[in-house]
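**Student:** Just final-v5.txt, nothing more (compact mmCIF, C-alpha atoms and all ligand atoms):
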```txt
# COMPACT_ATOMS: atom_id res chain seq x y z
CA MET A 1 0.00 0.00 0.00
CA THR A 2 2.77 2.42 1.05
CA SER A 3 4.78 1.70 -2.09
CA ARG A 4 1.73 2.50 -4.29
CA ILE A 5 1.44 5.93 -2.68
CA GLN A 6 5.15 6.56 -3.19
CA LEU A 7 4.82 5.73 -6.90
CA LYS A 8 2.61 8.77 -7.46
CA LYS A 9 4.87 11.58 -8.66
CA THR A 10 4.59 15.11 -7.36
CA ILE A 11 5.22 17.62 -10.13
CA LEU A 12 5.54 21.37 -9.70
CA VAL A 13 4.58 23.54 -12.67
CA ALA A 14 5.76 27.16 -12.35
CA GLY A 15 3.72 29.36 -14.68
CA GLY A 16 0.98 26.73 -14.49
CA ALA A 17 -1.90 29.20 -14.86
CA GLY A 18 -0.71 30.34 -18.30
CA PHE A 19 -1.71 29.13 -21.75
CA ILE A 20 0.72 26.18 -21.97
CA GLY A 21 1.14 25.69 -18.21
CA ALA A 22 -2.55 25.10 -17.47
CA GLN A 23 -2.80 22.47 -20.20
CA LEU A 24 0.39 20.85 -18.92
CA CYS A 25 -1.04 20.74 -15.38
CA SER A 26 -4.23 19.17 -16.70
CA ARG A 27 -2.32 16.56 -18.73
CA LEU A 28 -0.01 15.64 -15.81
CA LEU A 29 -2.99 15.37 -13.46
CA SER A 30 -4.78 13.06 -15.92
CA ASN A 31 -1.58 11.00 -16.14
CA GLY A 32 -1.91 10.36 -12.38
CA ALA A 33 0.56 12.83 -10.86
CA ASN A 34 0.03 15.20 -7.97
CA VAL A 35 0.39 18.66 -9.46
CA ILE A 36 1.40 21.84 -7.67
CA CYS A 37 0.80 24.91 -9.78
CA ILE A 38 2.81 28.03 -8.89
CA ASP A 39 1.90 31.31 -10.59
CA ASN A 40 1.76 35.03 -9.86
CA LEU A 41 -1.19 35.43 -12.30
CA GLN A 42 0.64 38.16 -14.23
CA THR A 43 -0.48 36.83 -17.62
CA GLY A 44 -2.05 33.59 -16.43
CA ARG A 45 -5.67 33.35 -15.36
CA ALA A 46 -7.40 31.58 -12.50
CA ALA A 47 -10.08 30.64 -15.07
CA ASN A 48 -7.48 28.43 -16.81
CA LEU A 49 -7.37 26.32 -13.64
CA ALA A 50 -11.11 26.23 -12.94
CA ASP A 51 -11.56 22.60 -14.08
CA MET A 52 -8.72 21.42 -11.85
CA MET A 53 -9.46 23.41 -8.69
CA GLY A 54 -10.80 21.09 -5.99
CA LYS A 55 -9.66 17.95 -7.82
CA THR A 56 -7.67 15.49 -5.71
CA GLY A 57 -3.97 15.86 -6.40
CA PHE A 58 -4.11 19.46 -7.62
CA SER A 59 -3.07 22.52 -5.65
CA PHE A 60 -2.40 26.14 -6.54
CA ILE A 61 0.00 28.53 -4.82
CA LYS A 62 0.07 32.19 -5.79
CA HIS A 63 3.75 33.07 -5.77
CA ASP A 64 6.21 35.14 -7.76
CA VAL A 65 9.23 32.99 -8.69
CA ILE A 66 11.62 35.91 -8.33
CA HIS A 67 11.32 35.09 -4.59
CA PRO A 68 12.64 31.82 -3.14
CA LEU A 69 10.18 28.93 -2.75
CA ILE A 70 9.97 27.02 0.48
CA MET A 71 8.13 23.74 0.01
CA SER A 72 7.67 21.13 2.71
CA GLN A 73 6.57 18.20 0.51
CA PRO A 74 8.78 15.99 -1.67
CA ILE A 75 8.91 17.02 -5.34
CA ASP A 76 9.96 14.73 -8.19
CA GLU A 77 9.82 17.03 -11.20
CA ILE A 78 9.71 20.77 -11.86
CA TYR A 79 8.63 22.43 -15.09
CA ASN A 80 9.65 26.09 -15.27
CA LEU A 81 7.20 27.88 -17.56
CA ALA A 82 6.93 31.04 -15.47
CA CYS A 83 7.47 34.03 -17.77
CA PRO A 84 5.16 36.12 -19.93
CA ALA A 85 5.61 34.92 -23.52
CA SER A 86 3.87 37.57 -25.61
CA PRO A 87 6.18 40.46 -26.64
CA SER A 88 3.54 43.05 -25.72
CA MET A 89 3.25 41.46 -22.24
CA TYR A 90 6.93 40.89 -21.43
CA GLN A 91 7.79 44.44 -22.49
CA ILE A 92 5.39 46.07 -19.99
CA ASP A 93 7.87 45.60 -17.11
CA PRO A 94 11.12 44.48 -18.74
CA VAL A 95 13.13 44.53 -15.50
CA HIS A 96 10.63 42.18 -13.89
CA THR A 97 10.74 39.94 -16.99
CA LEU A 98 14.51 39.65 -16.70
CA LYS A 99 14.23 38.95 -12.97
CA THR A 100 11.61 36.30 -13.68
CA SER A 101 13.88 34.49 -16.12
CA VAL A 102 17.08 34.73 -14.11
CA LEU A 103 16.01 34.77 -10.44
CA GLY A 104 13.08 32.48 -11.22
CA ALA A 105 15.41 29.91 -12.80
CA LEU A 106 17.82 30.23 -9.88
CA ASN A 107 15.12 29.77 -7.24
CA LEU A 108 13.62 26.77 -9.02
CA LEU A 109 17.05 25.20 -9.61
CA ARG A 110 17.81 25.59 -5.89
CA LEU A 111 14.50 23.91 -5.09
CA ALA A 112 15.28 21.08 -7.53
CA ARG A 113 18.68 20.61 -5.89
CA ASN A 114 17.18 20.55 -2.38
CA LYS A 115 14.47 18.09 -3.38
CA GLY A 116 16.57 15.89 -5.69
CA ALA A 117 14.03 16.71 -8.41
CA ARG A 118 14.68 16.88 -12.14
CA ILE A 119 13.83 20.22 -13.73
CA LEU A 120 12.85 21.39 -17.22
CA GLN A 121 13.28 24.92 -18.53
CA ALA A 122 10.79 26.32 -21.05
CA SER A 123 13.34 28.15 -23.18
CA THR A 124 12.53 29.69 -26.52
CA SER A 125 13.42 30.11 -30.18
CA GLU A 126 14.08 33.74 -29.14
CA VAL A 127 17.54 32.62 -27.98
CA TYR A 128 18.35 32.62 -31.73
CA GLY A 129 17.32 36.29 -31.98
CA ASP A 130 17.06 37.47 -35.60
CA PRO A 131 18.72 34.35 -37.07
CA GLN A 132 21.21 34.49 -39.92
CA PHE A 133 20.62 30.79 -40.66
CA SER A 134 17.46 28.85 -41.32
CA PRO A 135 16.30 26.41 -40.13
CA GLN A 136 17.78 27.04 -36.69
CA ALA A 137 19.68 24.08 -35.21
CA GLU A 138 20.59 23.94 -31.53
CA SER A 139 24.27 24.37 -32.48
CA TYR A 140 23.53 27.90 -33.75
CA HIS A 141 24.44 30.44 -31.05
CA GLY A 142 22.08 33.12 -32.28
CA ASN A 143 22.02 36.78 -33.17
CA VAL A 144 20.52 38.60 -30.19
CA ASN A 145 20.49 42.33 -29.52
CA PRO A 146 21.40 42.76 -25.82
CA VAL A 147 19.92 46.28 -25.61
CA GLY A 148 16.64 46.20 -27.56
CA PRO A 149 12.99 46.02 -26.50
CA ARG A 150 13.01 42.20 -26.78
CA SER A 151 16.29 41.78 -24.86
CA CYS A 152 14.71 41.36 -21.43
CA TYR A 153 13.10 38.16 -22.70
CA ASP A 154 15.78 36.89 -25.08
CA GLU A 155 18.74 37.54 -22.79
CA GLY A 156 16.82 36.39 -19.72
CA LYS A 157 16.07 33.07 -21.40
CA ARG A 158 19.67 32.76 -22.57
CA ALA A 159 20.98 33.38 -19.04
CA ALA A 160 18.48 30.84 -17.68
CA GLU A 161 19.85 28.22 -20.10
CA THR A 162 23.33 28.97 -18.77
CA LEU A 163 22.13 28.53 -15.19
CA PHE A 164 20.52 25.21 -16.09
CA ARG A 165 23.71 24.03 -17.72
CA ASP A 166 25.85 25.15 -14.78
CA TYR A 167 23.56 23.70 -12.09
CA GLY A 168 23.82 20.38 -13.91
CA VAL A 169 27.61 20.48 -14.12
CA GLN A 170 28.34 22.10 -10.75
CA HIS A 171 25.60 20.59 -8.56
CA GLY A 172 24.59 17.41 -10.39
CA VAL A 173 20.97 18.49 -10.88
CA THR A 174 19.18 16.67 -13.72
CA THR A 175 18.24 19.49 -16.09
CA LYS A 176 16.35 19.66 -19.39
CA ILE A 177 16.11 22.59 -21.80
CA ALA A 178 13.29 22.84 -24.37
CA ARG A 179 13.67 25.59 -26.97
CA ILE A 180 10.02 26.18 -27.77
CA PHE A 181 8.95 27.74 -31.08
CA ASN A 182 5.69 29.74 -31.47
CA THR A 183 2.94 27.66 -29.93
CA TYR A 184 -0.80 28.21 -30.28
CA GLY A 185 -4.10 26.47 -29.64
CA PRO A 186 -7.31 26.57 -27.64
CA GLY A 187 -6.77 28.15 -24.22
CA MET A 188 -4.82 31.17 -25.49
CA THR A 189 -5.83 34.47 -23.95
CA ALA A 190 -7.83 36.36 -26.56
CA ASN A 191 -6.13 39.70 -25.99
CA ASP A 192 -2.56 38.60 -25.26
CA GLY A 193 -1.18 40.43 -28.32
CA ARG A 194 0.33 37.43 -30.07
CA VAL A 195 -0.23 37.02 -33.78
CA VAL A 196 -2.54 33.98 -33.71
CA SER A 197 -4.85 35.43 -31.05
CA ASN A 198 -4.81 38.92 -32.61
CA PHE A 199 -5.59 37.72 -36.14
CA ILE A 200 -8.32 35.25 -35.16
CA MET A 201 -10.11 37.72 -32.86
CA GLN A 202 -9.82 40.50 -35.46
CA ALA A 203 -11.15 38.20 -38.18
CA LEU A 204 -14.06 36.94 -36.07
CA GLN A 205 -15.05 40.51 -35.19
CA ASP A 206 -14.55 41.76 -38.79
CA ARG A 207 -11.99 44.27 -37.49
CA PRO A 208 -8.88 45.16 -39.56
CA ILE A 209 -6.14 42.51 -39.47
CA THR A 210 -3.01 44.24 -38.13
CA LEU A 211 -0.10 43.05 -40.25
CA TYR A 212 3.20 44.34 -38.88
CA GLY A 213 5.66 45.26 -41.64
CA ASN A 214 5.20 43.71 -45.08
CA GLY A 215 4.18 40.35 -43.60
CA LEU A 216 7.07 38.51 -45.26
CA GLN A 217 8.67 37.62 -41.93
CA THR A 218 8.16 33.93 -41.17
CA ARG A 219 7.15 31.88 -38.15
CA SER A 220 6.64 28.14 -37.59
CA PHE A 221 3.56 27.39 -35.50
CA CYS A 222 3.29 24.40 -33.17
CA PHE A 223 -0.06 23.11 -31.93
CA VAL A 224 -0.15 23.02 -28.13
CA ASN A 225 -0.90 19.26 -27.80
CA ASP A 226 2.20 18.43 -29.84
CA LEU A 227 4.27 20.66 -27.59
CA LEU A 228 2.93 18.99 -24.43
CA ASP A 229 3.91 15.57 -25.83
CA GLY A 230 7.41 16.90 -26.50
CA LEU A 231 7.84 18.49 -23.07
CA ILE A 232 6.73 15.37 -21.20
CA ARG A 233 8.91 13.17 -23.42
CA LEU A 234 11.94 15.41 -22.79
CA MET A 235 11.38 15.37 -19.02
CA SER A 236 11.48 11.54 -19.06
CA MET A 237 14.87 11.37 -20.81
CA PRO A 238 18.00 10.05 -19.02
CA PRO A 239 20.19 12.60 -17.17
CA ASP A 240 22.73 12.88 -20.01
CA VAL A 241 20.04 14.49 -22.21
CA SER A 242 20.72 17.89 -20.68
CA PHE A 243 21.48 19.83 -23.88
CA PRO A 244 18.91 22.19 -25.44
CA ILE A 245 16.40 20.60 -27.82
CA ASN A 246 14.14 22.49 -30.24
CA LEU A 247 10.41 21.76 -29.93
CA GLY A 248 8.09 23.18 -32.56
CA ASN A 249 6.67 22.55 -35.99
CA ASP A 250 8.92 22.92 -39.03
CA GLY A 251 6.17 24.07 -41.38
CA GLU A 252 7.23 27.68 -42.09
CA PHE A 253 4.73 30.39 -43.08
CA THR A 254 4.92 34.11 -43.75
CA ILE A 255 2.75 36.19 -41.46
CA ALA A 256 0.85 37.39 -44.56
CA GLU A 257 0.05 33.74 -45.38
CA LEU A 258 -1.21 33.24 -41.83
CA ALA A 259 -3.50 36.26 -42.19
CA ASP A 260 -4.92 34.88 -45.46
CA MET A 261 -5.52 31.43 -43.94
CA ILE A 262 -7.36 32.90 -40.96
CA ILE A 263 -9.51 35.19 -43.11
CA ARG A 264 -10.46 32.23 -45.32
CA LYS A 265 -11.18 29.85 -42.44
CA THR A 266 -13.32 32.35 -40.51
CA GLY A 267 -15.14 33.67 -43.58
CA SER A 268 -14.25 37.17 -42.38
CA VAL A 269 -14.68 40.38 -44.35
CA SER A 270 -11.76 41.99 -42.48
CA GLU A 271 -9.32 44.06 -44.50
CA ILE A 272 -5.57 43.74 -43.90
CA ILE A 273 -3.85 46.92 -42.73
CA GLN A 274 -0.09 47.39 -42.43
CA LEU A 275 1.44 48.74 -39.22
CA PRO A 276 5.14 49.35 -38.52
CA LEU A 277 7.29 46.29 -37.88
CA PRO A 278 8.35 46.23 -34.21
CA ILE A 279 12.06 46.82 -33.53
CA ASP A 280 14.17 43.62 -33.69
CA ASP A 281 11.24 41.52 -34.93
CA PRO A 282 12.98 38.33 -36.19
CA ARG A 283 12.71 38.01 -39.97
CA GLN A 284 12.55 34.23 -40.04
CA ARG A 285 12.04 31.40 -37.66
CA CYS A 286 11.95 27.69 -38.37
CA PRO A 287 13.15 24.89 -36.10
CA ASP A 288 15.58 22.23 -37.21
CA LEU A 289 13.91 19.25 -35.51
CA SER A 290 16.60 16.63 -36.30
CA LEU A 291 17.69 16.40 -32.67
CA ALA A 292 14.12 16.13 -31.33
CA ARG A 293 13.34 13.40 -33.86
CA LYS A 294 16.54 11.47 -33.08
CA VAL A 295 16.81 11.87 -29.30
CA LEU A 296 13.14 12.09 -28.28
CA ASN A 297 11.66 10.10 -31.15
CA TRP A 298 9.15 12.97 -31.26
CA GLN A 299 7.76 15.07 -34.04
CA PRO A 300 4.73 17.34 -34.37
CA LYS A 301 1.59 15.71 -35.74
CA VAL A 302 -0.79 18.64 -36.23
CA SER A 303 -0.37 20.88 -39.30
CA LEU A 304 -1.15 24.60 -39.10
CA ASP A 305 -4.20 23.98 -41.28
CA GLN A 306 -5.56 21.35 -38.83
CA GLY A 307 -4.47 23.30 -35.75
CA LEU A 308 -6.29 26.47 -36.81
CA ASP A 309 -9.48 24.43 -37.33
CA LEU A 310 -9.11 23.18 -33.74
CA THR A 311 -8.32 26.65 -32.39
CA ILE A 312 -10.83 28.97 -34.09
CA PRO A 313 -13.87 27.57 -32.17
CA TRP A 314 -12.14 28.49 -28.90
CA PHE A 315 -11.81 32.11 -30.04
CA ARG A 316 -15.38 32.07 -31.39
CA ARG A 317 -16.56 31.45 -27.82
CA ALA A 318 -14.22 34.19 -26.53
CA ALA A 319 -15.58 36.66 -29.12
CA LEU A 320 -19.16 35.72 -28.17
CA MET A 321 -18.46 36.28 -24.47
CA GLU A 322 -16.86 39.65 -25.27
CA ALA A 323 -19.94 40.65 -27.33
CA ARG A 324 -22.28 39.60 -24.47
CA ALA A 325 -20.22 41.57 -21.91
CA ILE A 326 -20.41 44.68 -24.11
CA GLU A 327 -24.21 44.22 -24.42
CA VAL A 328 -24.58 43.93 -20.63
CA LEU A 329 -22.48 47.05 -20.02
CA ALA A 330 -24.28 49.11 -22.69
P1 LIG B 401 1.75 32.72 -20.69
O1 LIG B 401 2.09 34.15 -20.57
O2 LIG B 401 0.35 32.34 -21.06
O3 LIG B 401 2.11 31.92 -19.38
C1 LIG B 401 3.16 32.30 -18.52
C2 LIG B 401 2.71 32.05 -17.09
O4 LIG B 401 3.77 32.43 -16.20
C3 LIG B 401 1.51 32.95 -16.71
O5 LIG B 401 0.55 32.18 -16.03
C4 LIG B 401 2.12 34.02 -15.80
O6 LIG B 401 1.19 34.53 -14.89
C5 LIG B 401 3.25 33.23 -15.15
N1 LIG B 401 4.32 34.08 -14.64
C6 LIG B 401 4.96 35.08 -15.31
N2 LIG B 401 5.91 35.62 -14.53
C7 LIG B 401 5.86 34.96 -13.34
C8 LIG B 401 6.56 35.08 -12.12
N3 LIG B 401 7.52 35.99 -11.95
N4 LIG B 401 6.24 34.24 -11.11
C9 LIG B 401 5.25 33.32 -11.26
N5 LIG B 401 4.56 33.16 -12.38
C10 LIG B 401 4.85 33.97 -13.42
O7 LIG B 401 2.77 32.09 -21.75
P2 LIG B 401 2.80 30.66 -22.42
O8 LIG B 401 2.58 30.83 -23.86
O9 LIG B 401 1.97 29.69 -21.68
O10 LIG B 401 4.34 30.30 -22.24
C11 LIG B 401 4.78 29.48 -21.18
C12 LIG B 401 6.29 29.38 -21.19
O11 LIG B 401 6.74 28.86 -22.43
C13 LIG B 401 6.99 30.72 -20.99
O12 LIG B 401 8.10 30.53 -20.15
C14 LIG B 401 7.43 31.10 -22.37
O13 LIG B 401 8.60 31.88 -22.35
C15 LIG B 401 7.69 29.74 -23.00
N6 LIG B 401 7.52 29.80 -24.46
C16 LIG B 401 6.28 29.94 -24.99
C17 LIG B 401 6.15 30.06 -26.37
C18 LIG B 401 4.80 30.22 -27.02
O14 LIG B 401 4.74 30.41 -28.23
N7 LIG B 401 3.69 30.14 -26.31
C19 LIG B 401 7.28 30.03 -27.19
C20 LIG B 401 8.53 29.92 -26.59
C21 LIG B 401 8.63 29.79 -25.22
N1 LIG B 402 2.44 40.22 -35.77
C1 LIG B 402 1.63 40.88 -36.68
N2 LIG B 402 0.44 41.40 -36.22
C2 LIG B 402 0.01 41.25 -34.94
C3 LIG B 402 0.85 40.56 -34.02
C4 LIG B 402 2.06 40.08 -34.47
O1 LIG B 402 1.95 41.02 -37.86
O2 LIG B 402 -1.09 41.74 -34.62
C5 LIG B 402 3.71 39.66 -36.25
C6 LIG B 402 4.94 40.06 -35.43
O3 LIG B 402 5.48 41.27 -35.91
C7 LIG B 402 5.84 38.87 -35.65
C8 LIG B 402 4.90 37.68 -35.80
O4 LIG B 402 3.63 38.25 -36.13
O5 LIG B 402 6.55 39.03 -36.87
C9 LIG B 402 4.77 36.84 -34.55
O6 LIG B 402 4.49 37.71 -33.47
P1 LIG B 402 4.16 37.20 -32.00
O7 LIG B 402 4.03 38.42 -31.16
O8 LIG B 402 3.04 36.24 -32.02
O9 LIG B 402 5.43 36.36 -31.55
P2 LIG B 402 7.02 36.49 -31.76
O10 LIG B 402 7.36 35.33 -32.60
O11 LIG B 402 7.35 37.78 -32.43
O12 LIG B 402 7.56 36.42 -30.38
```
Would you mind writing the file out in structure tokens?

**Tutor:**
Amino acid sequence: MTSRIQLKKTILVAGGAGFIGAQLCSRLLSNGANVICIDNLQTGRAANLADMMGKTGFSFIKHDVIHPLIMSQPIDEIYNLACPASPSMYQIDPVHTLKTSVLGALNLLRLARNKGARILQASTSEVYGDPQFSPQAESYHGNVNPVGPRSCYDEGKRAAETLFRDYGVQHGVTTKIARIFNTYGPGMTANDGRVVSNFIMQALQDRPITLYGNGLQTRSFCFVNDLLDGLIRLMSMPPDVSFPINLGNDGEFTIAELADMIIRKTGSVSEIIQLPLPIDDPRQRCPDLSLARKVLNWQPKVSLDQGLDLTIPWFRRAALMEARAIEVLA
């Protein structure tokens, strides 16, 4: 009986109230783990956790990871997803964003060391900056501006990778680094400023589609379920798999193509308007997934075409709720 109880893993998810984090918590809970969600609710929402609140094995602690965590219970695994991911969100308080990445990583690594837990860092394709090579392989060291509006995020994530590497070497902590490329899907916050949420909401509400620049910059979009599979697979790897691994989808699209797809799929009459390209906006982004395929035996299954079909209904409900709220307030 005792051994059965011990077999149940306790997994801490920092940033667990966010878009990816909440779905990761839900998946881990369904897989039979106890899940502790830590979040300061900066960009995450309590509503994302509503289905899990009160369920056996799930608990939520409101906490900012820039401060140390003191936990009494044993912890087997830690996923560090705590950090705003949308450029418009992480640029609101850039100093706090940098603290989140660096001090947050440090505090969670210390916790992992104290608990003998393995720990995974949600890093990003942003460590490649505005890449001079495409697709981006993990061996590419990137082209990042250290003093631009995106630097708080890019450099913070780069420093966090260094801390993960050094905690592994210096303190023997089992660390994993996932370099995540643009991820989307149901559960995104409608007004978080990212391109998929902006374009779908604009299209559904027949508002102008805000194309930044000429729209020829590219991104590679990963459906959230594929990403969750990759993260969980990476966490289960042996300790020597401590090097960064790209997780994403290698289908590459221009942002103008994305706008056209969304207009077509939603049947919108929105016009496309051009706004200035933000400073340091990467011109291309596409993951080289060779390492993920070889080491994790993982690859994305959901194409952008399929993923948008699965995502648009979520935003349709969000647009409907927004319309109802406006009616009530009028
Ligand atoms: P999100 O903004 O929806 O979620 C981030 C979560 O972290 C939120 O719940 C937020 O409240 C929480 N958080 C932020 N700062 C915190 C702090 N100091 N202390 C505690 N909690 C804090 O973003 P997401 O899309 O779910 O991304 C999750 C993680 O994945 C992030 O670390 C992000 O950098 C990384 N990532 C995401 C993408 C993507 O396309 N979604 C791409 C690359 C990397
Ligand atoms: N973008 C756009 N219109 C929008 C939001 C974003 O054209 O309303 C562009 C943005 O300039 C970038 C790409 O879409 O080239 C992806 O932006 P996002 O903020 O989603 O993520 P990023 O990959 O830049 O972190």

**Student:** For Ala323 of chain A, which residue among A:Gln205, A:Asn48, A:Ile11, A:Asn225 is the nearest when counting all atoms listed in the file?

**Tutor:**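 So, comparing all the options, the nearest one is A:Gln205.
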
**Student:** Counting only C-alpha atoms and all ligand atoms, name the residues that have an atom within 7 Å of an atom of ligand LIG 402 (chain B); the answer should be given as number ranges by chain.

**Tutor:** A: 86-87, 182, 193-196, 198-199, 210-213, 215, 217-219, 255, 277-278, 281-283

**Student:** Give me a file of those residues, with C-alpha atoms, as a CSV table (one decimal), keeping the file's coordinate frame.

**Tutor:**
```
chain,number,residue,atom,x,y,z
A,86,SER,CA,3.9,37.6,-25.6
A,87,PRO,CA,6.2,40.5,-26.6
A,182,ASN,CA,5.7,29.7,-31.5
A,193,GLY,CA,-1.2,40.4,-28.3
A,194,ARG,CA,0.3,37.4,-30.1
A,195,VAL,CA,-0.2,37.0,-33.8
A,196,VAL,CA,-2.5,34.0,-33.7
A,198,ASN,CA,-4.8,38.9,-32.6
A,199,PHE,CA,-5.6,37.7,-36.1
A,210,THR,CA,-3.0,44.2,-38.1
A,211,LEU,CA,-0.1,43.0,-40.2
A,212,TYR,CA,3.2,44.3,-38.9
A,213,GLY,CA,5.7,45.3,-41.6
A,215,GLY,CA,4.2,40.4,-43.6
A,217,GLN,CA,8.7,37.6,-41.9
A,218,THR,CA,8.2,33.9,-41.2
A,219,ARG,CA,7.2,31.9,-38.2
A,255,ILE,CA,2.8,36.2,-41.5
A,277,LEU,CA,7.3,46.3,-37.9
A,278,PRO,CA,8.4,46.2,-34.2
A,281,ASP,CA,11.2,41.5,-34.9
A,282,PRO,CA,13.0,38.3,-36.2
A,283,ARG,CA,12.7,38.0,-40.0
```

**Student:** Go ahead and compute the interatomic distance for atom CA of Ser26 of chain A and atom CA of Asp240 of chain A, in Å to one decimal.

**Tutor:**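 Here the two named atoms are 27.9 Å from each other.
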
**Student:** Name the closest residue to Leu296 of chain A among the candidates A:Leu163, A:Val241, A:Cys83, A:Met321; distances are taken between atoms, counting all atoms listed in the file.

**Tutor:**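 That would be A:Val241, the residue with the smallest distance to Leu296 of chain A.
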
**Student:** Given a cut-off of 7 Å, what residues near ligand LIG 401 (chain B) show up using all atoms listed in the file, put as a PyMOL selection string?

**Tutor:** chain A and resi 14-21+38-45+63-66+80-86+97+100+104+122-125+179-184+188

**Student:** Between A:Glu322, A:Glu77, A:Glu271, A:Asp309, single out the one closest to Thr174 of chain A, counting only C-alpha atoms.

**Tutor:**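 Ranked by minimum distance to Thr174 of chain A, first place goes to A:Glu77.
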
**Student:** Rounded to one decimal in Å, what is the spacing between atom CA of Leu216 of chain A and atom CA of Ile273 of chain A?

**Tutor:** 14.0 Å

**Student:** My list of candidates is A:Met71, A:Ala46, A:Asp76, A:Asp288. Which is closest to Lys9 of chain A when distances are computed with all atoms listed in the file?

**Tutor:**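 Comparing A:Met71, A:Ala46, A:Asp76, A:Asp288 against Lys9 of chain A, the winner is A:Asp76.
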
**Student:** Using all atoms listed in the file, can you tell me which of A:Ala160, A:Ile75, A:Ala50, A:Ala330 comes closest to Lys99 of chain A?

**Tutor:**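 When distances to Lys99 of chain A are compared using all atoms listed in the file, the smallest one comes from A:Ala160.
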
**Student:** Between atom CA of Ser151 of chain A and atom CA of Ile279 of chain A, measure the distance and give it in Å to one decimal.

**Tutor:**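 So the answer is 10.9 Å.
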
**Student:** Just want the 7 Å neighbourhood of segment 226-228 of chain A, counted on only C-alpha atoms, with same-chain residues fewer than 5 positions away dropped. Output as a list of chain:residue names.

**Tutor:**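 My reading of the contact set: A:Leu24, A:Leu247, A:Gly248, A:Pro300, A:Lys301.
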
**Student:** Which of these, A:Pro313, A:Gly156, A:Gln202, A:Leu329, has the shortest distance to Val269 of chain A once you count all atoms listed in the file?

**Tutor:**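 Of A:Pro313, A:Gly156, A:Gln202, A:Leu329, the one nearest Val269 of chain A is A:Gln202, counting all atoms listed in the file.
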
**Student:** For Leu111 of chain A, find every residue with an atom within 8 Å (counting all atoms listed in the file), except residues of its own chain fewer than 5 positions away, and show them as a ChimeraX atom specification.

**Tutor:** /A:69-70,117

**Student:** Kindly assemble as a tab-separated table a list of the segment 180-291 of chain A residues that lie within 10 Å of segment 164-169 of chain A, each paired with its nearest atom pair and their distance in Å to one decimal, using only C-alpha atoms, sorted first by chain and then by ascending residue number.

**Tutor:**
```
residue	atom	partner	partner_atom	distance
A:Pro239	CA	A:Gly168	CA	9.2
A:Asp240	CA	A:Gly168	CA	9.7
A:Ser242	CA	A:Arg165	CA	7.4
A:Phe243	CA	A:Arg165	CA	7.8
A:Pro244	CA	A:Arg165	CA	9.3
```

**Student:** Please write segment 172-184 of chain A of the preceding block to a file containing C-alpha atoms, as a short mmCIF file (atom, residue, chain, number, x, y, z; two decimals), in the first residue's frame?

**Tutor:**
```cif
data_model
loop_
_atom_site.label_atom_id
_atom_site.label_comp_id
_atom_site.auth_asym_id
_atom_site.auth_seq_id
_atom_site.Cartn_x
_atom_site.Cartn_y
_atom_site.Cartn_z
CA GLY A 172 24.59 17.41 -10.39
CA VAL A 173 20.97 18.49 -10.88
CA THR A 174 19.18 16.67 -13.72
CA THR A 175 18.24 19.49 -16.09
CA LYS A 176 16.35 19.66 -19.39
CA ILE A 177 16.11 22.59 -21.80
CA ALA A 178 13.29 22.84 -24.37
CA ARG A 179 13.67 25.59 -26.97
CA ILE A 180 10.02 26.18 -27.77
CA PHE A 181 8.95 27.74 -31.08
CA ASN A 182 5.69 29.74 -31.47
CA THR A 183 2.94 27.66 -29.93
CA TYR A 184 -0.80 28.21 -30.28
#
```
